[in-house]
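K.L.:
Just query-v3.txt, nothing more (compact mmCIF, C-alpha atoms):
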# COMPACT_ATOMS: atom_id res chain seq x y z
CA MET C 4 33.12 106.71 102.64
CA ASN C 5 29.97 104.70 101.98
CA VAL C 6 27.54 104.80 99.06
CA LYS C 7 24.14 103.10 98.93
CA VAL C 8 22.43 102.49 95.60
CA ILE C 9 18.64 102.49 95.24
CA LEU C 10 17.96 100.06 92.38
CA LEU C 11 14.45 99.01 91.32
CA ASN C 12 15.47 95.75 89.68
CA ALA C 13 17.03 92.51 90.91
CA PHE C 14 20.54 93.28 89.55
CA HIS C 15 21.47 90.53 87.03
CA PRO C 16 23.89 92.41 86.99
CA ASP C 17 22.56 95.80 85.98
CA VAL C 18 25.51 96.62 83.73
CA ARG C 19 25.45 100.41 84.12
CA ILE C 20 25.21 100.37 87.92
CA TYR C 21 27.80 97.60 88.10
CA LYS C 22 30.32 99.63 86.07
CA GLU C 23 29.64 102.83 88.02
CA MET C 24 30.06 101.15 91.39
CA LEU C 25 33.16 99.25 90.25
CA TYR C 26 34.78 102.60 89.46
CA VAL C 27 33.64 104.03 92.79
CA THR C 28 34.92 101.08 94.86
CA ASN C 29 38.27 101.27 93.10
CA LYS C 30 38.48 104.86 94.39
CA GLY C 31 38.07 103.60 97.97
CA TYR C 32 34.31 103.78 98.55
CA LYS C 33 32.29 100.95 100.09
CA ALA C 34 29.25 100.34 97.88
CA GLU C 35 26.04 98.50 98.63
CA ILE C 36 23.25 98.04 96.08
CA LEU C 37 19.73 97.79 97.54
CA ALA C 38 17.99 95.77 94.84
CA LEU C 39 14.23 95.36 94.47
CA ASP C 40 13.69 91.69 93.66
CA ARG C 41 10.14 91.62 92.25
CA ALA C 42 10.12 87.93 91.35
CA ASN C 43 11.99 86.54 94.38
CA GLU C 44 14.82 85.44 92.08
CA HIS C 45 17.40 85.56 94.87
CA ILE C 46 15.18 84.53 97.78
CA ASP C 47 17.74 81.92 98.89
CA ASN C 48 20.70 84.24 98.47
CA LYS C 49 19.76 87.62 99.89
CA VAL C 50 23.30 89.04 99.95
CA GLN C 51 25.77 88.66 97.08
CA TYR C 52 29.15 90.20 96.24
CA PHE C 53 30.35 91.26 92.80
CA ASP C 54 34.01 92.36 92.72
CA GLY C 55 33.71 93.85 96.19
CA ILE C 56 30.29 95.41 95.55
CA LYS C 57 27.68 94.25 98.06
CA VAL C 58 24.21 93.55 96.66
CA THR C 59 21.38 93.19 99.17
CA HIS C 60 18.07 91.96 97.75
CA PHE C 61 14.66 92.95 99.10
CA PHE C 62 11.56 90.82 98.53
CA PRO C 63 8.39 92.92 98.95
CA ARG C 64 6.03 90.58 97.09
CA GLY C 65 6.13 87.71 99.58
CA LYS C 66 4.78 84.46 98.12
CA ARG C 67 1.65 85.87 96.49
CA ASP C 68 0.93 84.75 92.91
CA VAL C 69 -0.81 87.53 90.96
CA SER C 70 -0.59 86.00 87.47
CA LYS C 71 -4.38 85.39 87.33
CA TYR C 72 -5.33 88.89 88.51
CA LYS C 73 -6.67 91.52 86.13
CA ASN C 74 -4.26 94.33 85.19
CA PHE C 75 -6.10 96.90 87.32
CA PHE C 76 -5.67 94.84 90.49
CA LYS C 77 -2.11 93.94 89.57
CA LYS C 78 -1.20 97.63 89.45
CA ILE C 79 -2.68 98.20 92.90
CA ILE C 80 -0.74 95.23 94.30
CA TYR C 81 2.48 96.36 92.60
CA PHE C 82 2.07 99.78 94.21
CA PHE C 83 1.81 98.24 97.68
CA TRP C 84 4.82 96.05 96.97
CA PHE C 85 6.71 99.20 96.02
CA LEU C 86 5.70 100.83 99.33
CA ARG C 87 6.79 97.71 101.19
CA TYR C 88 10.19 97.92 99.47
CA VAL C 89 10.50 101.55 100.63
CA PHE C 90 9.83 100.57 104.24
CA GLN C 91 12.18 97.61 104.03
CA VAL C 92 15.00 99.83 102.75
CA LYS C 93 14.19 102.49 105.34
CA LYS C 94 14.55 99.91 108.12
CA HIS C 95 17.82 98.68 106.60
CA LEU C 96 19.32 102.17 106.26
CA LYS C 97 18.51 103.11 109.87
CA LYS C 98 21.39 100.98 111.08
CA GLU C 99 23.77 101.89 108.24
CA LYS C 100 26.30 104.70 107.90
CA PHE C 101 26.47 106.28 104.44
CA GLU C 102 27.36 109.61 102.86
CA ILE C 103 25.84 109.19 99.37
CA LEU C 104 22.56 107.78 98.06
CA HIS C 105 22.98 106.94 94.37
CA CYS C 106 19.51 106.51 92.84
CA SER C 107 19.05 104.64 89.57
CA GLY C 108 16.19 106.32 87.74
CA PHE C 109 13.21 108.57 88.49
CA TYR C 110 11.27 106.39 90.94
CA ALA C 111 14.46 105.32 92.72
CA THR C 112 15.33 109.00 93.21
CA LEU C 113 11.89 109.59 94.69
CA VAL C 114 12.65 106.78 97.15
CA GLY C 115 16.07 108.26 97.85
CA TYR C 116 14.60 111.68 98.60
CA LEU C 117 12.17 110.13 101.10
CA LEU C 118 14.90 108.11 102.84
CA LYS C 119 17.92 110.40 102.78
CA LYS C 120 19.49 111.51 106.02
CA LYS C 121 20.26 115.12 106.90
CA ASN C 122 23.79 115.26 105.50
CA THR C 123 23.36 112.68 102.74
CA LYS C 124 24.42 113.64 99.25
CA LEU C 125 21.71 112.61 96.76
CA VAL C 126 22.61 111.51 93.20
CA TYR C 127 19.93 111.24 90.49
CA ASP C 128 21.14 108.78 87.83
CA MET C 129 18.75 109.86 85.06
CA ARG C 130 18.81 106.82 82.80
CA GLU C 131 15.85 107.83 80.64
CA TYR C 132 13.79 110.85 79.63
CA TYR C 133 10.91 110.89 82.13
CA GLU C 134 8.96 113.95 81.03
CA GLY C 135 6.24 113.46 78.45
CA GLN C 136 5.59 109.84 79.40
CA GLY C 137 2.14 108.31 79.82
CA ARG C 138 -1.28 109.93 79.57
CA THR C 139 -1.62 113.72 79.84
CA LYS C 140 -2.41 113.85 83.58
CA VAL C 141 0.27 111.29 84.44
CA SER C 142 2.78 113.11 82.25
CA PHE C 143 2.00 116.41 84.00
CA ILE C 144 2.55 114.87 87.45
CA ILE C 145 5.81 113.19 86.42
CA LYS C 146 7.07 116.42 84.87
CA LYS C 147 6.37 118.35 88.09
CA LEU C 148 7.90 115.63 90.28
CA ASN C 149 10.95 115.37 88.04
CA LYS C 150 11.53 119.14 88.27
CA PHE C 151 11.13 118.95 92.06
CA LEU C 152 13.66 116.12 92.35
CA CYS C 153 16.15 117.90 90.08
CA ASN C 154 16.00 120.89 92.42
CA LYS C 155 16.50 118.74 95.53
CA VAL C 156 19.35 116.45 94.48
CA ASN C 157 23.06 117.30 94.61
CA HIS C 158 24.04 115.78 91.27
CA ILE C 159 22.24 114.66 88.10
CA ILE C 160 23.85 112.06 85.87
CA TYR C 161 22.45 112.21 82.33
CA VAL C 162 23.00 110.25 79.11
CA ASN C 163 21.69 112.56 76.36
CA ASP C 164 20.94 116.21 75.63
CA LEU C 165 17.16 115.78 75.73
CA GLN C 166 17.31 115.04 79.46
CA LYS C 167 19.08 118.27 80.38
CA LYS C 168 16.99 120.76 78.40
CA ASN C 169 14.55 121.49 81.28
CA ILE C 170 17.16 121.50 84.07
CA THR C 171 17.94 125.02 85.24
CA ASN C 172 20.95 124.30 87.46
CA LYS C 173 23.50 123.09 84.92
CA ASP C 174 26.23 122.85 87.58
CA LYS C 175 24.58 119.68 88.88
CA LEU C 176 24.92 117.86 85.57
CA VAL C 177 27.37 115.01 85.03
CA PHE C 178 27.51 113.46 81.54
CA LEU C 179 27.79 109.65 81.61
CA PRO C 180 26.51 107.93 78.45
CA ASN C 181 26.37 104.13 78.15
CA TYR C 182 29.75 103.70 76.49
CA VAL C 183 31.52 100.33 76.46
CA GLU C 184 34.57 98.95 78.23
CA ALA C 185 37.16 98.41 75.50
CA LYS C 186 39.09 95.88 77.61
CA PHE C 187 36.41 93.24 77.01
CA TYR C 188 36.97 93.41 73.24
CA GLN C 189 40.74 92.96 72.99
CA ASP C 190 41.89 90.41 70.38
CA PHE C 191 38.32 90.39 69.07
CA GLU C 192 37.65 88.48 65.87
CA LYS C 193 34.37 87.48 64.22
CA SER C 194 33.57 83.82 63.61
CA LYS C 195 32.86 82.76 60.04
CA SER C 196 29.44 81.95 58.60
CA ASP C 197 28.03 81.27 55.13
CA LYS C 198 24.82 83.03 56.14
CA LEU C 199 24.16 86.65 57.08
CA ARG C 200 23.67 86.79 60.87
CA ILE C 201 21.41 89.61 62.03
CA SER C 202 21.24 89.70 65.82
CA TYR C 203 19.33 91.50 68.52
CA ILE C 204 21.24 91.53 71.82
CA GLY C 205 19.56 92.90 74.92
CA ASN C 206 16.28 93.11 76.80
CA ILE C 207 13.57 91.50 74.63
CA ARG C 208 10.58 93.78 75.13
CA ASP C 209 9.79 95.63 71.88
CA VAL C 210 7.45 93.05 70.33
CA LYS C 211 6.42 95.15 67.35
CA SER C 212 9.92 95.89 66.04
CA LEU C 213 11.33 92.40 66.60
CA LYS C 214 8.26 90.70 65.09
CA ASN C 215 8.53 92.91 61.98
CA LEU C 216 12.21 91.99 61.66
CA LEU C 217 11.41 88.27 61.93
CA ASP C 218 8.54 88.44 59.44
CA SER C 219 10.64 90.36 56.92
CA CYS C 220 13.27 87.57 56.86
CA LYS C 221 11.02 84.55 57.42
CA ASP C 222 11.47 83.03 53.94
CA ASN C 223 15.09 84.06 53.44
CA LYS C 224 17.29 80.96 53.84
CA ASP C 225 20.48 83.05 53.59
CA ILE C 226 19.72 84.94 56.84
CA ILE C 227 19.78 83.84 60.48
CA ILE C 228 17.99 86.05 63.02
CA GLY C 229 19.39 85.80 66.54
CA LEU C 230 17.39 87.06 69.53
CA ASN C 231 19.73 87.07 72.52
CA GLY C 232 18.52 87.95 76.01
CA ARG C 233 15.49 87.76 78.25
CA GLY C 234 12.83 90.36 78.99
CA SER C 235 9.09 90.92 79.23
CA ALA C 236 8.48 89.64 75.67
CA TYR C 237 10.81 86.63 75.78
CA LYS C 238 8.02 84.13 76.55
CA GLU C 239 5.95 85.49 73.67
CA PHE C 240 8.76 84.89 71.18
CA LYS C 241 9.45 81.49 72.73
CA LYS C 242 5.85 80.50 71.92
CA ILE C 243 6.10 81.51 68.26
CA SER C 244 9.72 80.47 67.67
CA GLY C 245 8.55 77.30 65.89
CA ASN C 246 7.07 79.46 63.11
CA TYR C 247 10.53 80.68 62.06
CA ASP C 248 13.09 78.21 60.70
CA ASN C 249 15.84 80.84 60.70
CA LEU C 250 15.31 82.12 64.26
CA LEU C 251 17.92 81.46 66.95
CA LEU C 252 16.48 82.30 70.39
CA THR C 253 19.25 81.96 72.98
CA GLY C 254 17.88 83.39 76.25
CA ALA C 255 19.70 85.04 79.15
CA TYR C 256 23.38 85.97 79.10
CA ASP C 257 25.88 87.77 81.33
CA GLY C 258 25.89 91.37 80.11
CA VAL C 259 29.47 91.89 81.29
CA LYS C 260 31.33 88.64 80.64
CA GLU C 261 29.50 87.04 77.69
CA ILE C 262 28.71 90.01 75.48
CA ALA C 263 31.84 89.74 73.33
CA GLN C 264 31.03 86.12 72.44
CA LEU C 265 27.61 87.15 71.16
CA PHE C 266 29.10 89.84 68.94
CA LYS C 267 31.56 87.35 67.45
CA LYS C 268 28.56 85.53 65.96
CA CYS C 269 26.87 88.71 64.73
CA ASP C 270 27.38 90.29 61.29
CA ILE C 271 24.75 93.03 61.71
CA LEU C 272 23.21 94.25 64.96
CA PHE C 273 19.55 95.20 64.94
CA CYS C 274 19.52 98.17 67.30
CA GLY C 275 16.07 99.50 66.54
CA TYR C 276 13.46 100.41 69.12
CA ASP C 277 9.97 101.57 68.18
CA PRO C 278 10.42 105.31 67.38
CA ASP C 279 6.85 106.02 68.48
CA VAL C 280 8.17 105.76 72.06
CA ILE C 281 9.88 109.06 72.93
CA ASN C 282 12.55 107.45 75.12
CA TRP C 283 13.59 105.04 72.41
CA ARG C 284 13.57 107.76 69.77
CA HIS C 285 16.08 109.87 71.69
CA ALA C 286 18.17 107.11 73.28
CA ILE C 287 21.44 105.57 72.23
CA ALA C 288 21.54 101.99 73.47
CA THR C 289 24.64 100.48 75.05
CA LYS C 290 24.53 97.84 72.32
CA PHE C 291 25.01 100.58 69.73
CA PHE C 292 28.39 101.47 71.22
CA GLU C 293 29.25 97.78 71.58
CA ALA C 294 28.56 97.43 67.86
CA ILE C 295 31.01 100.25 67.12
CA VAL C 296 33.86 98.79 69.19
CA THR C 297 33.30 95.31 67.64
CA LEU C 298 33.10 96.74 64.09
CA THR C 299 29.53 95.50 63.66
CA PRO C 300 27.29 97.48 61.26
CA VAL C 301 23.83 98.24 62.65
CA ILE C 302 20.22 98.42 61.52
CA VAL C 303 18.32 101.32 63.12
CA PHE C 304 15.17 103.32 62.54
CA ASP C 305 15.04 106.64 60.74
CA ASP C 306 14.22 109.82 62.70
CA THR C 307 16.04 108.62 65.82
CA LEU C 308 19.24 109.70 67.55
CA MET C 309 20.92 106.42 66.57
CA GLY C 310 19.70 106.96 63.02
CA GLU C 311 21.41 110.35 62.94
CA MET C 312 24.69 108.80 64.06
CA VAL C 313 24.43 106.04 61.46
CA LYS C 314 23.90 108.60 58.71
CA LYS C 315 26.68 110.87 59.98
CA HIS C 316 29.33 108.12 60.03
CA ASP C 317 27.80 105.76 57.44
CA ILE C 318 28.08 102.76 59.75
CA GLY C 319 24.83 100.93 59.14
CA PHE C 320 21.43 100.68 57.51
CA ILE C 321 18.25 102.70 58.01
CA VAL C 322 14.71 101.31 58.23
CA LYS C 323 12.31 104.05 57.17
CA ASP C 324 9.39 103.05 59.40
CA ASN C 325 8.40 100.17 61.67
CA THR C 326 6.71 97.91 59.09
CA VAL C 327 7.57 94.56 57.53
CA ALA C 328 7.76 96.20 54.10
CA SER C 329 10.36 98.74 55.26
CA PHE C 330 12.46 96.04 56.89
CA LYS C 331 12.36 93.97 53.69
CA LYS C 332 13.36 96.94 51.56
CA THR C 333 16.37 97.74 53.75
CA ILE C 334 17.60 94.17 54.21
CA SER C 335 17.24 93.32 50.49
CA LYS C 336 19.83 96.00 49.67
CA ILE C 337 22.53 94.67 52.01
CA SER C 338 25.48 93.08 50.23
CA LYS C 339 29.04 92.03 51.17
CA LYS C 340 30.32 95.14 49.44
CA HIS C 341 28.06 97.31 51.62
CA LEU C 342 29.22 95.53 54.79
CA ILE C 343 32.90 96.05 53.97
CA LYS C 344 32.31 99.78 53.46
CA LYS C 345 30.42 100.11 56.76
CA ILE C 346 33.16 98.21 58.62
CA ASP C 347 35.83 100.50 57.15
CA ASN C 348 33.87 103.50 58.43
CA LEU C 349 33.47 101.88 61.86
CA LYS C 350 37.25 101.54 62.12
CA LYS C 351 37.54 105.34 62.02
CA ILE C 352 35.50 105.73 65.24
CA GLN C 353 36.07 102.33 66.87
CA TYR C 354 37.49 103.68 70.16
CA ASP C 355 35.77 107.07 70.32
CA TYR C 356 33.00 105.89 72.67
CA THR C 357 34.71 103.99 75.48
CA TRP C 358 33.72 103.81 79.14
CA GLU C 359 37.33 104.20 80.29
CA LYS C 360 37.35 107.79 79.00
CA VAL C 361 33.91 108.99 80.09
CA VAL C 362 33.64 107.31 83.53
CA LYS C 363 36.12 109.85 84.91
CA ASN C 364 33.23 112.32 84.88
CA LEU C 365 32.07 110.59 88.08
CA ASP C 366 35.01 112.27 89.85
CA LYS C 367 32.78 115.34 90.12
CA ILE C 368 30.62 113.32 92.57
CA TYR C 369 33.06 110.84 94.05
Is it possible to express this structure as C-alpha cells?
P.N.:
Amino acid sequence: MNVKVILLNAFHPDVRIYKEMLYVTNKGYKAEILALDRANEHIDNKVQYFDGIKVTHFFPRGKRDVSKYKNFFKKIIYFFWFLRYVFQVKKHLKKEKFEILHCSGFYATLVGYLLKKKNTKLVYDMREYYEGQGRTKVSFIIKKLNKFLCNKVNHIIYVNDLQKKNITNKDKLVFLPNYVEAKFYQDFEKSKSDKLRISYIGNIRDVKSLKNLLDSCKDNKDIIIGLNGRGSAYKEFKKISGNYDNLLLTGAYDGVKEIAQLFKKCDILFCGYDPDVINWRHAIATKFFEAIVTLTPVIVFDDTLMGEMVKKHDIGFIVKDNTVASFKKTISKISKKHLIKKIDNLKKIQYDYTWEKVVKNLDKIY
C-alpha cells in the first residue's frame, strides 16, 4: 500500500508529519511526502530519505526574487506559485500508484481533493482551526470550503475539540494531538545554572509576545532568555539582539533529535502565543507536552486552553494579558520554592501525554 502526503512546507523535518509517516511505514506502507519548497532550500537535493520515508521537493518559485515587491504583488505571485505546485504534483502523481492521499492542513486538503484519483482515500489532517480566520468575507469562504472538504474526505484527523464542533459526520474523526515521544527523554536530567533560564523553543513568529517577554526581563541580570528556533520573525530578533544583554538567540535546530538538549538548558518554558489569535487561544503546542515530559514548568497566557491546563494541574505560571507589565508581574513572583512545587505537580502527569499511546488512533485509517 502506498500513501502520498501533500505538505505545503519544505519539511525540515515537519515533526508531526514525520512521526505520523514513521508509524505508517512501520506498519508496511510506502510513504512519499510531496513538499512545497518555497525558498528553494533543497534545490540541489530534490529527493531525500528519512528513516525510509521518501521526501520529494517541488520548486514552484523558480529563481525569481520578490523581496522588493509590494505585498499586494507578492500575494499574486505566491498564488501563481501555489498553482504551479499543484500542476507539478499532478504531473508527478500521474505516474504513481497510491491508495491514500494524506493532506496536511486546509489548503493541502484542497489540493488533495483536486488531485485525488477515483478510488483514493482522502485524509484531512486538520492541524489548526480554519473557520473564523481572516476578514469577514474571507472567513465566510473558508468556512464554506472547510465544510465542503469535511464532507468529501474519508477521514479527519483533529487535535482539539474546537475543530470538531462543526463537523456533522463524527465517524470520520480521528483524535491525534501533538503529544511527545517519551523515548527521546529517557535518562533526562537538567543542567545546572546559577541564573533562571526562561526559554522559547519553536517557530519564532509571534513578535508581540516574545518582545514583551524580552522587555520585561531586560534589566534582570538573574535571568537568561533563550529564543531557540527559526521562523518568520527570526531576522527581526536577530537585528535587535544587541539591545538585550541577557538574550541567547540560537537559531535552527532538529525538532526530533536535538529537542531534549534544549530542554536540559531550560528551567521555565515560555509557551505563550498571542491570545488575540483564535488558533493560538485554542491550541496546545507540542512544546507544552514536551515541557510536561521533561518536568519543565511553563509560562502561558490566561484565557487559553494551555492556561486552563496550567491552572488545573498547577504546573506553571499565568500571564494575565500580553503586556510588558503583566509579564513583569508574573516573573517577579517566581521563586525556587514555586519551581519545586510546579515540578512535583508535573511528576504526577509526566507520562500522560505521550505519542506512543495516542498514535495508535491512526489504525482507524491505516
K.L.:
Excluding range 287-298 of chain C and its own-chain neighbours fewer than 4 positions away, which residues fall within 8 Å of it when counting only C-alpha atoms? Please give them as a list in words.
P.N.:
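Non-adjacent residues within range: Asn181, Tyr182, Val183, Ala185, Tyr188, Phe191, Ile204, Gly205, Phe266, Leu272, Cys274, Trp283, Leu308, Met309, Ile346, Leu349, Lys350, Ile352, Gln353, Tyr354 and Tyr356 of chain C.
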K.L.:
Using only C-alpha atoms, I'd like a table of the residues in range 67-114 of chain C that come within 12 Å of range 18-36 of chain C; for each, show the closest atom pair and its distance in Å rounded to one decimal, ordered by chain and ascending number, as a tab-separated table.
P.N.:
residue	atom	partner	partner_atom	distance
C:Val92	CA	C:Ile36	CA	10.8
C:His95	CA	C:Glu35	CA	11.5
C:Leu96	CA	C:Glu35	CA	10.8
C:Glu99	CA	C:Glu35	CA	10.4
C:Lys100	CA	C:Lys33	CA	10.5
C:Phe101	CA	C:Lys33	CA	9.0
C:Glu102	CA	C:Tyr32	CA	10.0
C:Ile103	CA	C:Ala34	CA	9.6
C:Leu104	CA	C:Glu35	CA	9.9
C:His105	CA	C:Ile36	CA	9.1
C:Cys106	CA	C:Ile20	CA	9.7
C:Ser107	CA	C:Ile20	CA	7.7
C:Gly108	CA	C:Ile20	CA	10.8
C:Ala111	CA	C:Ile36	CA	11.9
K.L.:
Keeping only C-alpha atoms, write those residues as a compact mmCIF listing (two decimals), in the coordinates of the input.
P.N.:
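Okay, again30.txt is ready:
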# COMPACT_ATOMS: atom_id res chain seq x y z
CA VAL C 92 15.00 99.83 102.75
CA HIS C 95 17.82 98.68 106.60
CA LEU C 96 19.32 102.17 106.26
CA GLU C 99 23.77 101.89 108.24
CA LYS C 100 26.30 104.70 107.90
CA PHE C 101 26.47 106.28 104.44
CA GLU C 102 27.36 109.61 102.86
CA ILE C 103 25.84 109.19 99.37
CA LEU C 104 22.56 107.78 98.06
CA HIS C 105 22.98 106.94 94.37
CA CYS C 106 19.51 106.51 92.84
CA SER C 107 19.05 104.64 89.57
CA GLY C 108 16.19 106.32 87.74
CA ALA C 111 14.46 105.32 92.72
K.L.:
Provide an axis-aligned box for all listed atoms of range 82-86 of chain C, padding each side by 3 Å; report its centre and its edge lengths in Å to one decimal, as JSON.
P.N.:
{"center_x": 4.3, "center_y": 98.4, "center_z": 96.8, "size_x": 10.9, "size_y": 10.8, "size_z": 11.1}
K.L.:
In terms of the shortest atom-to-atom distance over all atoms listed in the file, which of C:Lys198, C:Lys339, C:Arg233, C:Arg64 is closest to Phe83 in chain C?
P.N.:
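For Phe83 in chain C, the nearest of the candidates is C:Arg64.
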K.L.:
Which residues are close to range 318-333 of chain C, i.e. within 8 Å by all atoms listed in the file, leaving aside same-chain residues fewer than 3 positions away? Reply as a ChimeraX atom specification.
P.N.:
/C:211-212,215-216,218-220,277-278,300-305,310,313-314,336-337,345-346,348-349
K.L.:
Could you check which of C:Lys241, C:Glu184, C:Asp54, C:Gln166 is closest to Ile281 in chain C, using only C-alpha atoms?
P.N.:
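Counting only C-alpha atoms, the residue closest to Ile281 in chain C is C:Gln166.
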K.L.:
So how many Å separate CA of Tyr161 in chain C and CA of Met312 in chain C, to one decimal?
P.N.:
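Atom-to-atom, CA of Tyr161 in chain C to CA of Met312 in chain C, that is 18.7 Å.
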K.L.:
Could you tell me which of C:Leu39, C:Ala286, C:Ala13, C:Ile271 comes closest to Ile226 in chain C if we count only C-alpha atoms?
P.N.:
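Closest to Ile226 in chain C, using only C-alpha atoms: C:Ile271.
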K.L.:
Please measure the separation of CA of Leu176 in chain C and CA of Ile160 in chain C, giving the value in Å to one decimal.
P.N.:
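CA of Leu176 in chain C sits 5.9 Å away from CA of Ile160 in chain C.
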K.L.:
Just checking: using only C-alpha atoms, which residue out of C:Gln51, C:Gln91, C:Asn364, C:Asn5 ends up closest to His158 in chain C?
P.N.:
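Going through C:Gln51, C:Gln91, C:Asn364, C:Asn5 one by one, the smallest distance to His158 in chain C is for C:Asn364.
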K.L.:
Measuring atom to atom with all atoms listed in the file, identify which of C:Leu117, C:Ile46, C:Leu265, C:Leu179 is nearest to Lys367 in chain C.
P.N.:
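Of all the options, C:Leu179 lies closest to Lys367 in chain C.
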K.L.:
Mind giving me the straight-line distance from CA of Tyr116 in chain C to CA of Ile9 in chain C in Å, one decimal?
P.N.:
10.6 Å
K.L.:
Between C:Gly55, C:Val50, C:Asn43, C:Asn223, single out the one closest to Ser335 in chain C, counting all atoms listed in the file.
P.N.:
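For Ser335 in chain C, the nearest of the candidates is C:Asn223.
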K.L.:
What residues have an atom no more than 12 Å from (15.9, 78.3, 63.0) in the file's own frame, counting all atoms listed in the file, and can you write them as a VMD selection string?
P.N.:
chain C and resid 200 217 220 to 230 243 to 253
K.L.:
Within 12 Å of Ser70 in chain C, counting only C-alpha atoms, which residues show up once you throw out same-chain ones fewer than 5 positions away? Write them as a PyMOL selection string, please.
P.N.:
chain C and resi 42+76-78+80-81
K.L.:
Find the residues around Phe62 in chain C up to 12 Å (only C-alpha atoms counted), leave out those fewer than 5 positions away in its own chain, and share them as a list in words.
P.N.:
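Near Phe62 in chain C, the qualifying residues are Leu11, Asn12, Ala13, Leu37, Ala38, Leu39, Asp40, Arg41, Ala42, Asn43, Glu44, His45, Ile46, Asp47, Asn48, Lys49, Val50, Arg67, Trp84, Phe85, Leu86, Arg87, Tyr88, Val89, Phe90, Gln91 and Val92 of chain C.
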K.L.:
If you keep N, CA and C atoms, can you output range 280-299 of chain C as a PDB file, in the first residue's frame?
P.N.:
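After the write, part.pdb holds the following:
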ATOM      1  N   VAL C 280      -5.255  35.825  18.725  1.00  0.00           N
ATOM      2  CA  VAL C 280      -5.366  34.953  17.549  1.00  0.00           C
ATOM      3  C   VAL C 280      -6.114  33.691  17.959  1.00  0.00           C
ATOM      4  N   ILE C 281      -7.258  33.430  17.320  1.00  0.00           N
ATOM      5  CA  ILE C 281      -8.142  32.349  17.759  1.00  0.00           C
ATOM      6  C   ILE C 281      -7.460  30.988  17.755  1.00  0.00           C
ATOM      7  N   ASN C 282      -6.617  30.731  16.760  1.00  0.00           N
ATOM      8  CA  ASN C 282      -5.919  29.446  16.709  1.00  0.00           C
ATOM      9  C   ASN C 282      -5.005  29.268  17.902  1.00  0.00           C
ATOM     10  N   TRP C 283      -4.277  30.299  18.254  1.00  0.00           N
ATOM     11  CA  TRP C 283      -3.349  30.200  19.371  1.00  0.00           C
ATOM     12  C   TRP C 283      -4.093  30.118  20.703  1.00  0.00           C
ATOM     13  N   ARG C 284      -5.254  30.738  20.769  1.00  0.00           N
ATOM     14  CA  ARG C 284      -6.018  30.711  22.014  1.00  0.00           C
ATOM     15  C   ARG C 284      -6.529  29.303  22.331  1.00  0.00           C
ATOM     16  N   HIS C 285      -6.845  28.550  21.288  1.00  0.00           N
ATOM     17  CA  HIS C 285      -7.441  27.227  21.488  1.00  0.00           C
ATOM     18  C   HIS C 285      -6.468  26.071  21.232  1.00  0.00           C
ATOM     19  N   ALA C 286      -5.221  26.389  20.962  1.00  0.00           N
ATOM     20  CA  ALA C 286      -4.247  25.340  20.637  1.00  0.00           C
ATOM     21  C   ALA C 286      -3.439  24.927  21.861  1.00  0.00           C
ATOM     22  N   ILE C 287      -2.960  23.692  21.815  1.00  0.00           N
ATOM     23  CA  ILE C 287      -1.967  23.237  22.780  1.00  0.00           C
ATOM     24  C   ILE C 287      -0.730  22.860  21.982  1.00  0.00           C
ATOM     25  N   ALA C 288       0.320  23.614  22.152  1.00  0.00           N
ATOM     26  CA  ALA C 288       1.536  23.429  21.362  1.00  0.00           C
ATOM     27  C   ALA C 288       2.243  22.132  21.740  1.00  0.00           C
ATOM     28  N   THR C 289       2.958  21.561  20.773  1.00  0.00           N
ATOM     29  CA  THR C 289       3.765  20.373  21.040  1.00  0.00           C
ATOM     30  C   THR C 289       4.739  20.639  22.176  1.00  0.00           C
ATOM     31  N   LYS C 290       5.296  21.851  22.200  1.00  0.00           N
ATOM     32  CA  LYS C 290       6.282  22.202  23.229  1.00  0.00           C
ATOM     33  C   LYS C 290       5.677  22.132  24.633  1.00  0.00           C
ATOM     34  N   PHE C 291       4.378  22.345  24.740  1.00  0.00           N
ATOM     35  CA  PHE C 291       3.712  22.255  26.038  1.00  0.00           C
ATOM     36  C   PHE C 291       3.813  20.834  26.575  1.00  0.00           C
ATOM     37  N   PHE C 292       3.584  19.847  25.719  1.00  0.00           N
ATOM     38  CA  PHE C 292       3.684  18.451  26.141  1.00  0.00           C
ATOM     39  C   PHE C 292       5.135  18.044  26.365  1.00  0.00           C
ATOM     40  N   GLU C 293       6.045  18.637  25.598  1.00  0.00           N
ATOM     41  CA  GLU C 293       7.470  18.373  25.817  1.00  0.00           C
ATOM     42  C   GLU C 293       7.902  18.926  27.175  1.00  0.00           C
ATOM     43  N   ALA C 294       7.326  20.048  27.565  1.00  0.00           N
ATOM     44  CA  ALA C 294       7.614  20.611  28.887  1.00  0.00           C
ATOM     45  C   ALA C 294       7.150  19.657  29.991  1.00  0.00           C
ATOM     46  N   ILE C 295       5.996  19.052  29.802  1.00  0.00           N
ATOM     47  CA  ILE C 295       5.465  18.133  30.814  1.00  0.00           C
ATOM     48  C   ILE C 295       6.388  16.926  30.986  1.00  0.00           C
ATOM     49  N   VAL C 296       6.785  16.308  29.879  1.00  0.00           N
ATOM     50  CA  VAL C 296       7.588  15.082  29.964  1.00  0.00           C
ATOM     51  C   VAL C 296       9.006  15.374  30.481  1.00  0.00           C
ATOM     52  N   THR C 297       9.486  16.625  30.322  1.00  0.00           N
ATOM     53  CA  THR C 297      10.814  16.999  30.818  1.00  0.00           C
ATOM     54  C   THR C 297      10.745  17.694  32.178  1.00  0.00           C
ATOM     55  N   LEU C 298       9.564  17.719  32.776  1.00  0.00           N
ATOM     56  CA  LEU C 298       9.346  18.337  34.097  1.00  0.00           C
ATOM     57  C   LEU C 298       9.788  19.808  34.100  1.00  0.00           C
ATOM     58  N   THR C 299       9.348  20.516  33.069  1.00  0.00           N
ATOM     59  CA  THR C 299       9.683  21.937  32.915  1.00  0.00           C
ATOM     60  C   THR C 299       8.435  22.787  33.126  1.00  0.00           C
TER      61      THR C 299
END
